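One file, start_32.txt, carrying compact mmCIF, C-alpha atoms:
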# COMPACT_ATOMS: atom_id res chain seq x y z
CA MET A 667 -60.28 -36.49 28.03
CA ASN A 668 -61.74 -39.23 25.80
CA ARG A 669 -59.85 -41.23 23.18
CA GLU A 670 -60.79 -38.96 20.26
CA GLU A 671 -59.76 -35.83 22.17
CA LYS A 672 -56.43 -37.43 23.08
CA LYS A 673 -55.84 -38.29 19.41
CA LEU A 674 -56.54 -34.69 18.32
CA GLU A 675 -54.31 -33.38 21.11
CA LEU A 676 -51.47 -35.61 19.93
CA ALA A 677 -52.01 -34.62 16.29
CA ALA A 678 -51.96 -30.92 17.24
CA ARG A 679 -48.73 -31.43 19.22
CA ALA A 680 -47.11 -33.21 16.24
CA ALA A 681 -48.31 -30.44 13.90
CA TRP A 682 -46.74 -27.73 16.09
CA MET A 683 -43.45 -29.61 16.12
CA TYR A 684 -43.46 -30.17 12.35
CA TYR A 685 -44.84 -26.90 10.93
CA VAL A 686 -43.67 -24.41 13.56
CA ALA A 687 -40.60 -25.89 15.23
CA GLY A 688 -39.36 -27.46 11.98
CA LEU A 689 -38.61 -30.87 13.47
CA THR A 690 -38.35 -33.90 11.21
CA GLN A 691 -40.82 -36.76 11.44
CA GLN A 692 -38.11 -38.91 13.04
CA GLU A 693 -37.43 -36.25 15.70
CA ILE A 694 -41.15 -35.90 16.41
CA ALA A 695 -41.52 -39.65 16.74
CA LYS A 696 -38.66 -39.77 19.26
CA ALA A 697 -40.01 -36.81 21.27
CA LEU A 698 -43.51 -38.31 21.49
CA GLY A 699 -42.40 -41.91 21.96
CA LEU A 700 -44.00 -43.08 18.72
CA SER A 701 -42.93 -44.87 15.56
CA ARG A 702 -42.07 -42.71 12.55
CA GLN A 703 -45.10 -44.13 10.69
CA VAL A 704 -47.47 -43.06 13.46
CA ALA A 705 -45.90 -39.60 13.59
CA GLN A 706 -46.34 -39.29 9.83
CA ARG A 707 -50.02 -40.26 10.10
CA LEU A 708 -50.58 -37.72 12.88
CA ILE A 709 -49.08 -34.90 10.81
CA SER A 710 -51.10 -35.90 7.74
CA GLY A 711 -54.24 -36.23 9.87
CA ALA A 712 -53.72 -32.76 11.32
CA ARG A 713 -53.97 -31.33 7.79
CA GLU A 714 -57.00 -33.42 6.86
CA THR A 715 -59.00 -32.53 9.97
CA GLY A 716 -58.35 -28.81 9.63
CA LEU A 717 -55.93 -28.45 12.58
CA VAL A 718 -53.40 -27.03 10.13
CA ALA A 719 -54.04 -24.56 7.30
CA VAL A 720 -51.17 -23.73 4.95
CA ASN A 721 -50.95 -20.03 4.14
CA ILE A 722 -47.97 -18.85 2.09
CA THR A 723 -48.17 -15.06 2.07
CA HIS A 724 -45.43 -14.40 -0.49
CA PRO A 725 -46.61 -15.42 -3.98
CA VAL A 726 -44.31 -16.72 -6.71
CA SER A 727 -44.30 -13.84 -9.17
CA GLY A 728 -43.56 -16.06 -12.16
CA CYS A 729 -46.60 -18.19 -11.43
CA ILE A 730 -48.79 -15.11 -11.05
CA LYS A 731 -47.63 -13.94 -14.49
CA LEU A 732 -48.33 -17.34 -16.02
CA ALA A 733 -51.80 -17.42 -14.48
CA HIS A 734 -52.60 -13.99 -15.90
CA GLU A 735 -51.39 -15.01 -19.38
CA LEU A 736 -53.41 -18.23 -19.29
CA GLN A 737 -56.45 -16.30 -18.17
CA GLU A 738 -56.07 -13.95 -21.12
CA LYS A 739 -55.33 -16.64 -23.70
CA PHE A 740 -58.24 -18.91 -22.80
CA ALA A 741 -60.73 -16.24 -21.63
CA LEU A 742 -60.85 -17.61 -18.09
CA THR A 743 -62.39 -15.73 -15.19
CA LEU A 744 -60.08 -17.43 -12.67
CA CYS A 745 -56.66 -19.03 -12.92
CA ARG A 746 -54.09 -20.17 -10.36
CA VAL A 747 -50.67 -21.70 -11.08
CA VAL A 748 -48.49 -23.51 -8.53
CA PRO A 749 -44.69 -23.95 -8.77
CA SER A 750 -43.67 -27.26 -10.33
CA ALA A 751 -40.25 -26.85 -11.98
CA GLY A 752 -38.19 -29.97 -11.30
CA LEU A 753 -40.78 -31.58 -9.02
CA GLU A 754 -42.20 -35.10 -9.09
CA ASN A 755 -45.90 -35.64 -9.74
CA ASP A 756 -46.77 -36.42 -6.11
CA ALA A 757 -45.32 -33.10 -4.95
CA ILE A 758 -47.19 -31.25 -7.71
CA GLN A 759 -50.45 -32.89 -6.70
CA GLN A 760 -49.95 -31.84 -3.10
CA MET A 761 -49.41 -28.21 -4.11
CA LEU A 762 -52.43 -28.33 -6.39
CA ALA A 763 -54.42 -29.62 -3.43
CA VAL A 764 -53.35 -26.73 -1.19
CA GLU A 765 -53.91 -24.05 -3.85
CA GLY A 766 -57.18 -25.62 -4.94
CA ALA A 767 -58.40 -25.70 -1.35
CA ASP A 768 -57.66 -21.97 -1.08
CA VAL A 769 -59.75 -21.32 -4.21
CA MET A 770 -62.64 -23.45 -2.92
CA SER A 771 -62.51 -21.77 0.48
CA GLN A 772 -63.28 -18.42 -1.10
CA PHE A 773 -66.61 -19.77 -2.33
CA ILE A 774 -67.41 -21.96 0.65
CA GLY A 775 -66.77 -19.09 3.04
CA ASP A 776 -69.69 -17.13 1.56
CA GLU A 777 -72.46 -16.64 4.11
CA GLN A 778 -75.12 -16.71 1.39
CA PRO A 779 -76.43 -20.24 0.67
CA LYS A 780 -74.84 -21.79 -2.40
CA VAL A 781 -75.20 -24.99 -4.39
CA PHE A 782 -71.91 -26.64 -5.37
CA ALA A 783 -71.95 -29.15 -8.23
CA VAL A 784 -69.02 -31.54 -7.90
CA GLY A 785 -67.37 -33.96 -10.29
CA SER A 786 -64.79 -36.65 -9.66
CA GLY A 787 -61.09 -37.41 -9.78
CA LYS A 788 -58.12 -37.98 -7.48
CA THR A 789 -56.87 -34.40 -7.76
CA LEU A 790 -60.28 -33.00 -6.89
CA PHE A 791 -60.48 -35.43 -3.97
CA ALA A 792 -57.06 -34.24 -2.76
CA VAL A 793 -58.16 -30.60 -3.01
CA ILE A 794 -61.17 -31.27 -0.81
CA ASP A 795 -59.02 -33.36 1.52
CA ALA A 796 -56.86 -30.26 2.07
CA LEU A 797 -59.88 -28.10 2.97
CA PRO A 798 -60.28 -27.29 6.66
CA ARG A 799 -63.53 -28.48 8.20
CA GLN A 800 -65.97 -25.63 8.66
CA GLU A 801 -69.62 -25.39 9.55
CA ARG A 802 -71.45 -24.25 6.43
CA LEU A 803 -74.86 -25.80 6.93
CA GLN A 804 -76.40 -23.31 4.51
CA HIS A 805 -74.60 -24.80 1.49
CA GLN A 806 -75.57 -27.83 -0.59
CA CYS A 807 -73.33 -30.25 -2.43
CA VAL A 808 -74.60 -32.05 -5.55
CA SER A 809 -72.94 -34.89 -7.42
CA MET A 810 -72.74 -34.67 -11.21
CA ILE A 811 -71.70 -38.24 -11.81
CA GLY A 812 -72.97 -41.73 -11.09
CA ALA A 813 -70.50 -43.69 -8.99
CA ILE A 814 -71.55 -47.32 -9.54
CA SER A 815 -69.09 -49.41 -11.56
CA ARG A 816 -69.74 -52.47 -13.71
CA ASP A 817 -69.47 -54.88 -10.78
CA ASP A 818 -72.02 -52.82 -8.78
CA SER A 819 -69.36 -51.49 -6.41
CA GLY A 820 -68.94 -47.83 -5.56
CA THR A 821 -65.87 -45.72 -6.22
CA ARG A 822 -63.30 -45.16 -3.49
CA TYR A 823 -63.27 -41.49 -4.45
CA ASP A 824 -66.76 -40.19 -3.65
CA VAL A 825 -65.67 -36.58 -4.08
CA PRO A 826 -69.04 -34.81 -3.60
CA LEU A 827 -69.66 -36.68 -0.35
CA LYS A 828 -66.19 -35.65 0.87
CA LEU A 829 -67.00 -31.98 0.26
CA ALA A 830 -70.38 -32.27 1.97
CA GLU A 831 -68.67 -33.78 5.01
CA LYS A 832 -66.15 -30.93 5.14
CA MET A 833 -68.93 -28.31 4.97
CA GLN A 834 -71.39 -30.31 7.07
CA GLY A 835 -74.01 -29.44 4.47
CA LYS A 836 -76.58 -31.48 2.55
CA TYR A 837 -75.44 -33.96 -0.09
CA PHE A 838 -77.45 -34.95 -3.18
CA PHE A 839 -76.16 -37.86 -5.26
CA ILE A 840 -76.88 -39.31 -8.69
CA PRO A 841 -78.71 -42.65 -8.16
CA ALA A 842 -77.26 -44.37 -11.22
CA PRO A 843 -74.18 -46.17 -12.57
CA LEU A 844 -71.74 -44.04 -14.55
CA TYR A 845 -72.60 -46.00 -17.70
CA ALA A 846 -75.85 -47.90 -18.13
CA ASP A 847 -75.87 -51.42 -19.55
CA SER A 848 -78.12 -50.44 -22.46
CA LEU A 849 -80.01 -47.49 -23.90
CA GLN A 850 -83.20 -48.82 -22.33
CA ASP A 851 -81.51 -49.02 -18.93
CA LYS A 852 -80.22 -45.48 -19.33
CA LEU A 853 -83.75 -44.22 -19.93
CA ILE A 854 -84.97 -46.02 -16.83
CA TRP A 855 -82.21 -44.53 -14.68
CA CYS A 856 -82.45 -41.01 -16.08
CA GLN A 857 -86.24 -40.81 -16.11
CA HIS A 858 -86.46 -41.54 -12.39
CA LEU A 859 -87.83 -38.54 -10.52
CA VAL A 860 -84.99 -38.55 -7.99
CA TYR A 861 -82.42 -38.50 -10.79
CA GLN A 862 -84.19 -35.65 -12.56
CA ARG A 863 -84.45 -33.55 -9.40
CA VAL A 864 -80.78 -34.03 -8.54
CA ALA A 865 -79.67 -33.38 -12.13
CA ALA A 866 -81.72 -30.17 -12.25
CA ARG A 867 -80.13 -29.04 -9.00
CA ALA A 868 -76.66 -29.70 -10.44
CA LEU A 869 -77.41 -27.92 -13.72
CA ASN A 870 -78.53 -24.83 -11.79
CA ALA A 871 -75.67 -24.89 -9.28
CA ASP A 872 -73.93 -21.66 -8.35
CA ILE A 873 -70.51 -23.12 -9.12
CA THR A 874 -69.09 -26.37 -10.47
CA PHE A 875 -65.83 -28.05 -9.41
CA LEU A 876 -64.38 -30.63 -11.81
CA GLY A 877 -61.41 -32.93 -12.21
CA ILE A 878 -59.95 -33.57 -15.67
CA GLY A 879 -58.89 -37.10 -16.54
CA GLU A 880 -56.53 -38.66 -19.06
CA VAL A 881 -57.67 -41.73 -20.98
CA GLU A 882 -55.06 -44.48 -21.06
CA LEU A 883 -54.84 -48.09 -19.99
CA GLY A 884 -54.47 -47.86 -16.22
CA CYS A 885 -56.23 -44.50 -15.94
CA PRO A 886 -58.69 -44.14 -13.02
CA LEU A 887 -61.79 -44.86 -15.13
CA ASN A 888 -60.12 -48.04 -16.30
CA THR A 889 -58.66 -49.25 -13.00
CA GLU A 890 -61.87 -48.43 -11.09
CA GLY A 891 -63.83 -50.68 -13.45
CA PHE A 892 -65.92 -48.08 -15.28
CA ILE A 893 -64.45 -48.72 -18.75
CA THR A 894 -62.75 -51.82 -20.16
CA ASP A 895 -59.34 -52.13 -21.84
CA ASP A 896 -61.06 -52.58 -25.21
CA GLN A 897 -63.08 -49.41 -24.70
CA VAL A 898 -59.92 -47.47 -23.82
CA ASN A 899 -58.28 -48.71 -27.02
CA ASP A 900 -61.35 -47.78 -29.08
CA LEU A 901 -61.33 -44.27 -27.62
CA LYS A 902 -57.63 -43.88 -28.40
CA LYS A 903 -58.36 -44.78 -32.02
CA GLN A 904 -60.75 -41.81 -32.02
CA GLN A 905 -57.91 -39.55 -30.81
CA VAL A 906 -59.34 -39.06 -27.35
CA ALA A 907 -57.53 -36.38 -25.33
CA GLY A 908 -59.33 -36.55 -22.00
CA GLU A 909 -62.59 -36.73 -20.11
CA MET A 910 -64.69 -34.95 -17.52
CA LEU A 911 -67.56 -36.74 -15.76
CA GLY A 912 -67.18 -39.53 -18.32
CA HIS A 913 -67.68 -37.08 -21.23
CA PHE A 914 -64.86 -37.84 -23.68
CA PHE A 915 -63.38 -35.18 -25.96
CA ASN A 916 -60.69 -35.11 -28.65
CA HIS A 917 -57.60 -32.88 -28.91
CA GLU A 918 -59.70 -30.04 -30.31
CA GLY A 919 -62.00 -30.19 -27.32
CA VAL A 920 -64.87 -31.67 -29.35
CA ARG A 921 -67.11 -34.24 -27.67
CA LEU A 922 -66.64 -37.77 -29.03
CA ASN A 923 -69.61 -39.82 -30.20
CA SER A 924 -68.87 -43.27 -28.81
CA GLU A 925 -70.84 -46.23 -27.51
CA LEU A 926 -70.01 -45.03 -24.00
CA ASP A 927 -71.31 -41.54 -24.68
CA ALA A 928 -74.73 -42.92 -25.52
CA LEU A 929 -74.87 -44.82 -22.21
CA LEU A 930 -73.52 -42.05 -19.95
CA THR A 931 -75.77 -40.98 -17.07
CA SER A 932 -73.69 -38.03 -15.81
CA VAL A 933 -75.20 -34.57 -15.67
CA PRO A 934 -74.55 -32.99 -19.11
CA LEU A 935 -71.71 -30.52 -19.53
CA SER A 936 -71.97 -27.53 -21.86
CA SER A 937 -69.12 -25.66 -23.49
CA ASN A 938 -69.13 -21.84 -23.49
CA THR A 939 -71.16 -21.85 -20.29
CA THR A 940 -71.83 -18.61 -18.44
CA ARG A 941 -71.82 -20.44 -15.10
CA PRO A 942 -68.52 -20.77 -13.20
CA VAL A 943 -66.88 -24.15 -13.89
CA ILE A 944 -63.46 -24.60 -12.29
CA GLY A 945 -61.12 -27.44 -13.22
CA PHE A 946 -58.38 -28.73 -10.92
CA CYS A 947 -55.65 -30.60 -12.77
CA GLY A 948 -51.90 -30.71 -13.39
CA GLY A 949 -48.92 -32.87 -14.23
CA ALA A 950 -47.39 -34.00 -17.52
CA LYS A 951 -49.71 -36.98 -18.10
CA LYS A 952 -52.76 -34.69 -17.88
CA TYR A 953 -51.45 -32.05 -20.29
CA HIS A 954 -53.39 -33.07 -23.41
CA ALA A 955 -56.60 -33.41 -21.43
CA ILE A 956 -56.17 -29.94 -19.88
CA ARG A 957 -55.34 -28.35 -23.22
CA ALA A 958 -58.37 -29.93 -24.91
CA ALA A 959 -60.70 -28.84 -22.10
CA LEU A 960 -59.46 -25.25 -22.48
CA ILE A 961 -59.64 -25.22 -26.28
CA GLY A 962 -63.16 -26.64 -26.14
CA LYS A 963 -64.14 -23.91 -23.66
CA TRP A 964 -65.47 -26.41 -21.12
CA LEU A 965 -64.00 -24.41 -18.23
CA THR A 966 -64.19 -20.86 -16.91
CA GLY A 967 -61.48 -21.40 -14.30
CA LEU A 968 -58.37 -23.53 -13.85
CA VAL A 969 -55.94 -24.47 -11.08
CA THR A 970 -52.83 -26.06 -12.59
CA ASP A 971 -49.03 -26.22 -12.37
CA GLU A 972 -46.15 -24.15 -13.73
CA ASP A 973 -44.82 -26.62 -16.31
CA THR A 974 -48.29 -27.22 -17.71
CA ALA A 975 -48.93 -23.47 -17.91
CA LEU A 976 -45.66 -22.83 -19.75
CA LYS A 977 -46.43 -25.54 -22.30
CA LEU A 978 -49.99 -24.28 -22.81
CA LEU A 979 -48.68 -20.79 -23.52
CA GLN A 980 -45.92 -21.97 -25.85
CA GLU A 981 -48.29 -23.91 -28.09
CA SER A 982 -50.38 -21.95 -30.55
Structure encoded using structure tokens:
Amino acid sequence: MNREEKKLELAARAAWMYYVAGLTQQEIAKALGLSRQVAQRLISGARETGLVAVNITHPVSGCIKLAHELQEKFALTLCRVVPSAGLENDAIQQMLAVEGADVMSQFIGDEQPKVFAVGSGKTLFAVIDALPRQERLQHQCVSMIGAISRDDSGTRYDVPLKLAEKMQGKYFFIPAPLYADSLQDKLIWCQHLVYQRVAARALNADITFLGIGEVELGCPLNTEGFITDDQVNDLKKQQVAGEMLGHFFNHEGVRLNSELDALLTSVPLSSNTTRPVIGFCGGAKKYHAIRAALIGKWLTGLVTDEDTALKLLQES
């Protein structure tokens, strides 16, 4: 047995102890002669590598009702709601990841070849992280967003690549920064034949998976170096509610005309689309962004949390 096989064997043993026997991480560490930190990493790794798949067979009836009401109110074709009452954001994100992975699996499991267009965001990354690895060589994964920041570095959250790795399918990426330095630079990037072929593939994808982001100082776009503090403040003066793929929209779901919008190289989004576009997002700080995306009809499907769903239904 080589080193990698031994590691998987140990992770599987830790997973059995944790998920089936109900042992604590400390008890597992003692039983296996490891530190608690190593035991924790083994259990987490077992989920990430597909050794463990969470399957809760008894649904929460209240969440099912909320999902149905949201689907009706916002004319969605798909909606899932996870329990969140009284939970911290990290716990909510983990449940969104598990539920989102279940939704994605339904599409990925299709034997017919499909093209998946994929956006960005930590929640979307967590959803794909929770997916089990499966051999789906017939599928293709296409990025909808440039991932080069102002200092020429790449993002730590290359979400489309993560999905391609999980499916073991082909990956097509946008060869451009998220925002060009000038209008002339944008034309150069977007007129490149590789860019145009990838963008066309994304626009004609069978299904699109998106994250929904808030726009505040310290938000991912800001901390990852894609937009400056001054640009965040300018967007807030325009009553920005959120963003998807770097497309900013106000509280009515209307696209904002900003200096950044003119320089954006992401694949264009269209409201009222007939193609399936599923958003994965939850938590109190994302509420206004989620609401605006729904009001603007940028999504046909949503995976969110209970508290967010209740608030969306209570507001007119």
>> Neighbouring residues of A:Arg799 were defined as those with any atom within 8 Å, considering only C-alpha atoms; residues of the same chain fewer than 5 positions away were excluded. Please report them as a list in words.
In response: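 After dropping sequence-adjacent residues, the list is Thr715, Gly716, Lys832 and Met833 of chain A.
Excluding A:Ile878 itself and same-chain residues fewer than 4 positions from it, the residues having an atom within 7 Å of it are Glu909, Met910, Gly945, Phe946, Cys947, Ala955 and Ile956 of chain A, counting only C-alpha atoms.
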> Of the residues A:Ser727, A:Ser848, A:Asn668, A:Ser932, which is the one nearest to A:Gly812, using all atoms listed in the file?
Replying inline: A:Ser932
>> Restricting the calculation to only C-alpha atoms: of A:Cys885, A:Ala865, A:Ala733, A:Leu876, which residue gets closest to A:Met770?
In response: A:Leu876
>> I need the residue nearest A:Asn923 from this list: A:Ala868, A:Met761, A:Leu901, A:Ala796. Use all atoms listed in the file for the distance.
In response: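 Among A:Ala868, A:Met761, A:Leu901, A:Ala796, it is A:Leu901 that comes nearest to A:Asn923.
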> What lies within 7 Å of stretch 791-795 of chain A using all atoms listed in the file, ignoring chain neighbours under 4 positions off, as JSON, numbers by chain?
Replying inline: {"A": [714, 763, 764, 766, 767, 787, 823, 825, 828, 829]}
> In Å to one decimal, how far is atom CA of A:Val969 from atom CA of A:Ser936?
Replying inline: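 That distance, rounded to one decimal, is 19.6 Å.
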Please work out which residues fall within 10 Å of (-75.7, -31.3, 1.8), coordinates as given in the file, with only C-alpha atoms counting, and return them as an mmCIF file with C-alpha atoms, in the coordinates of the input.
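Final output, saved to part39.cif:
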data_model
loop_
_atom_site.group_PDB
_atom_site.id
_atom_site.type_symbol
_atom_site.label_atom_id
_atom_site.label_comp_id
_atom_site.auth_asym_id
_atom_site.auth_seq_id
_atom_site.Cartn_x
_atom_site.Cartn_y
_atom_site.Cartn_z
ATOM 1 C CA VAL A 781 -75.200 -24.990 -4.390
ATOM 2 C CA PHE A 782 -71.910 -26.640 -5.370
ATOM 3 C CA ARG A 802 -71.450 -24.250 6.430
ATOM 4 C CA LEU A 803 -74.860 -25.800 6.930
ATOM 5 C CA GLN A 804 -76.400 -23.310 4.510
ATOM 6 C CA HIS A 805 -74.600 -24.800 1.490
ATOM 7 C CA GLN A 806 -75.570 -27.830 -0.590
ATOM 8 C CA CYS A 807 -73.330 -30.250 -2.430
ATOM 9 C CA VAL A 808 -74.600 -32.050 -5.550
ATOM 10 C CA PRO A 826 -69.040 -34.810 -3.600
ATOM 11 C CA LEU A 827 -69.660 -36.680 -0.350
ATOM 12 C CA LEU A 829 -67.000 -31.980 0.260
ATOM 13 C CA ALA A 830 -70.380 -32.270 1.970
ATOM 14 C CA GLU A 831 -68.670 -33.780 5.010
ATOM 15 C CA MET A 833 -68.930 -28.310 4.970
ATOM 16 C CA GLN A 834 -71.390 -30.310 7.070
ATOM 17 C CA GLY A 835 -74.010 -29.440 4.470
ATOM 18 C CA LYS A 836 -76.580 -31.480 2.550
ATOM 19 C CA TYR A 837 -75.440 -33.960 -0.090
ATOM 20 C CA PHE A 838 -77.450 -34.950 -3.180
ATOM 21 C CA PHE A 839 -76.160 -37.860 -5.260
#
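Atom CA of A:Val943 sits 5.2 Å away from atom CA of A:Thr966.
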> Counting all atoms listed in the file, which of A:Lys672, A:Lys902, A:Arg679, A:Lys739 gets nearest to A:Arg957?
Replying inline: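 Answer, going by the shortest atom-to-atom distance: A:Lys739.
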> Hey, can you check how far atom CA of A:Lys977 sits from atom CA of A:Gly949?
Replying inline: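 Atom CA of A:Lys977 sits 11.2 Å away from atom CA of A:Gly949.
For the set A:Gln778, A:Gln904, A:Gln897, A:Gln703, the residue with the smallest atom-to-atom gap to A:Asp872 is A:Gln778, counting only C-alpha atoms.
When all atoms listed in the file are used to measure the gap to A:Asp818, the shortest distance among A:Ala846, A:Leu930, A:Leu976, A:Ala866 belongs to A:Ala846.
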Specify the axis-aligned box that encloses all atoms of stretch 824-842 of chain A listed in the file after padding of 5 Å on each side, stating its centre and edge lengths in Å to one decimal as AutoDock Vina command-line options.
--center_x -72.2 --center_y -36.3 --center_z -2.1 --size_x 23.0 --size_y 26.1 --size_z 28.3
>> What's around stretch 857-862 of chain A at 8 Å? Count all atoms listed in the file, leave out sequence neighbours fewer than 2 positions away in its own chain, and write the answer as a list in words.
In response: Ile840, Pro841, Ala842, Leu853, Ile854, Trp855, Val864, Ala865 and Ala866 of chain A
Generate the output file for the selected residues, C-alpha atoms, as a compact mmCIF listing (two decimals), in the coordinates of the input.
# COMPACT_ATOMS: atom_id res chain seq x y z
CA ILE A 840 -76.88 -39.31 -8.69
CA PRO A 841 -78.71 -42.65 -8.16
CA ALA A 842 -77.26 -44.37 -11.22
CA LEU A 853 -83.75 -44.22 -19.93
CA ILE A 854 -84.97 -46.02 -16.83
CA TRP A 855 -82.21 -44.53 -14.68
CA VAL A 864 -80.78 -34.03 -8.54
CA ALA A 865 -79.67 -33.38 -12.13
CA ALA A 866 -81.72 -30.17 -12.25
What's around A:Gly967 at 12 Å? Count only C-alpha atoms, leave out sequence neighbours fewer than 3 positions away in its own chain, and write the answer as a short mmCIF file (atom, residue, chain, number, x, y, z; two decimals) with C-alpha atoms, in the coordinates of the input.
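What follows is the written file result.cif:
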data_model
loop_
_atom_site.label_atom_id
_atom_site.label_comp_id
_atom_site.auth_asym_id
_atom_site.auth_seq_id
_atom_site.Cartn_x
_atom_site.Cartn_y
_atom_site.Cartn_z
CA ALA A 733 -51.80 -17.42 -14.48
CA HIS A 734 -52.60 -13.99 -15.90
CA LEU A 736 -53.41 -18.23 -19.29
CA GLN A 737 -56.45 -16.30 -18.17
CA GLU A 738 -56.07 -13.95 -21.12
CA PHE A 740 -58.24 -18.91 -22.80
CA ALA A 741 -60.73 -16.24 -21.63
CA LEU A 742 -60.85 -17.61 -18.09
CA THR A 743 -62.39 -15.73 -15.19
CA LEU A 744 -60.08 -17.43 -12.67
CA CYS A 745 -56.66 -19.03 -12.92
CA ARG A 746 -54.09 -20.17 -10.36
CA VAL A 747 -50.67 -21.70 -11.08
CA GLY A 766 -57.18 -25.62 -4.94
CA VAL A 769 -59.75 -21.32 -4.21
CA MET A 770 -62.64 -23.45 -2.92
CA ILE A 873 -70.51 -23.12 -9.12
CA THR A 874 -69.09 -26.37 -10.47
CA PHE A 875 -65.83 -28.05 -9.41
CA LEU A 876 -64.38 -30.63 -11.81
CA GLY A 877 -61.41 -32.93 -12.21
CA ASN A 938 -69.13 -21.84 -23.49
CA THR A 939 -71.16 -21.85 -20.29
CA THR A 940 -71.83 -18.61 -18.44
CA ARG A 941 -71.82 -20.44 -15.10
CA PRO A 942 -68.52 -20.77 -13.20
CA VAL A 943 -66.88 -24.15 -13.89
CA ILE A 944 -63.46 -24.60 -12.29
CA GLY A 945 -61.12 -27.44 -13.22
CA PHE A 946 -58.38 -28.73 -10.92
CA CYS A 947 -55.65 -30.60 -12.77
CA ILE A 956 -56.17 -29.94 -19.88
CA ALA A 959 -60.70 -28.84 -22.10
CA LEU A 960 -59.46 -25.25 -22.48
CA LYS A 963 -64.14 -23.91 -23.66
CA TRP A 964 -65.47 -26.41 -21.12
CA THR A 970 -52.83 -26.06 -12.59
#
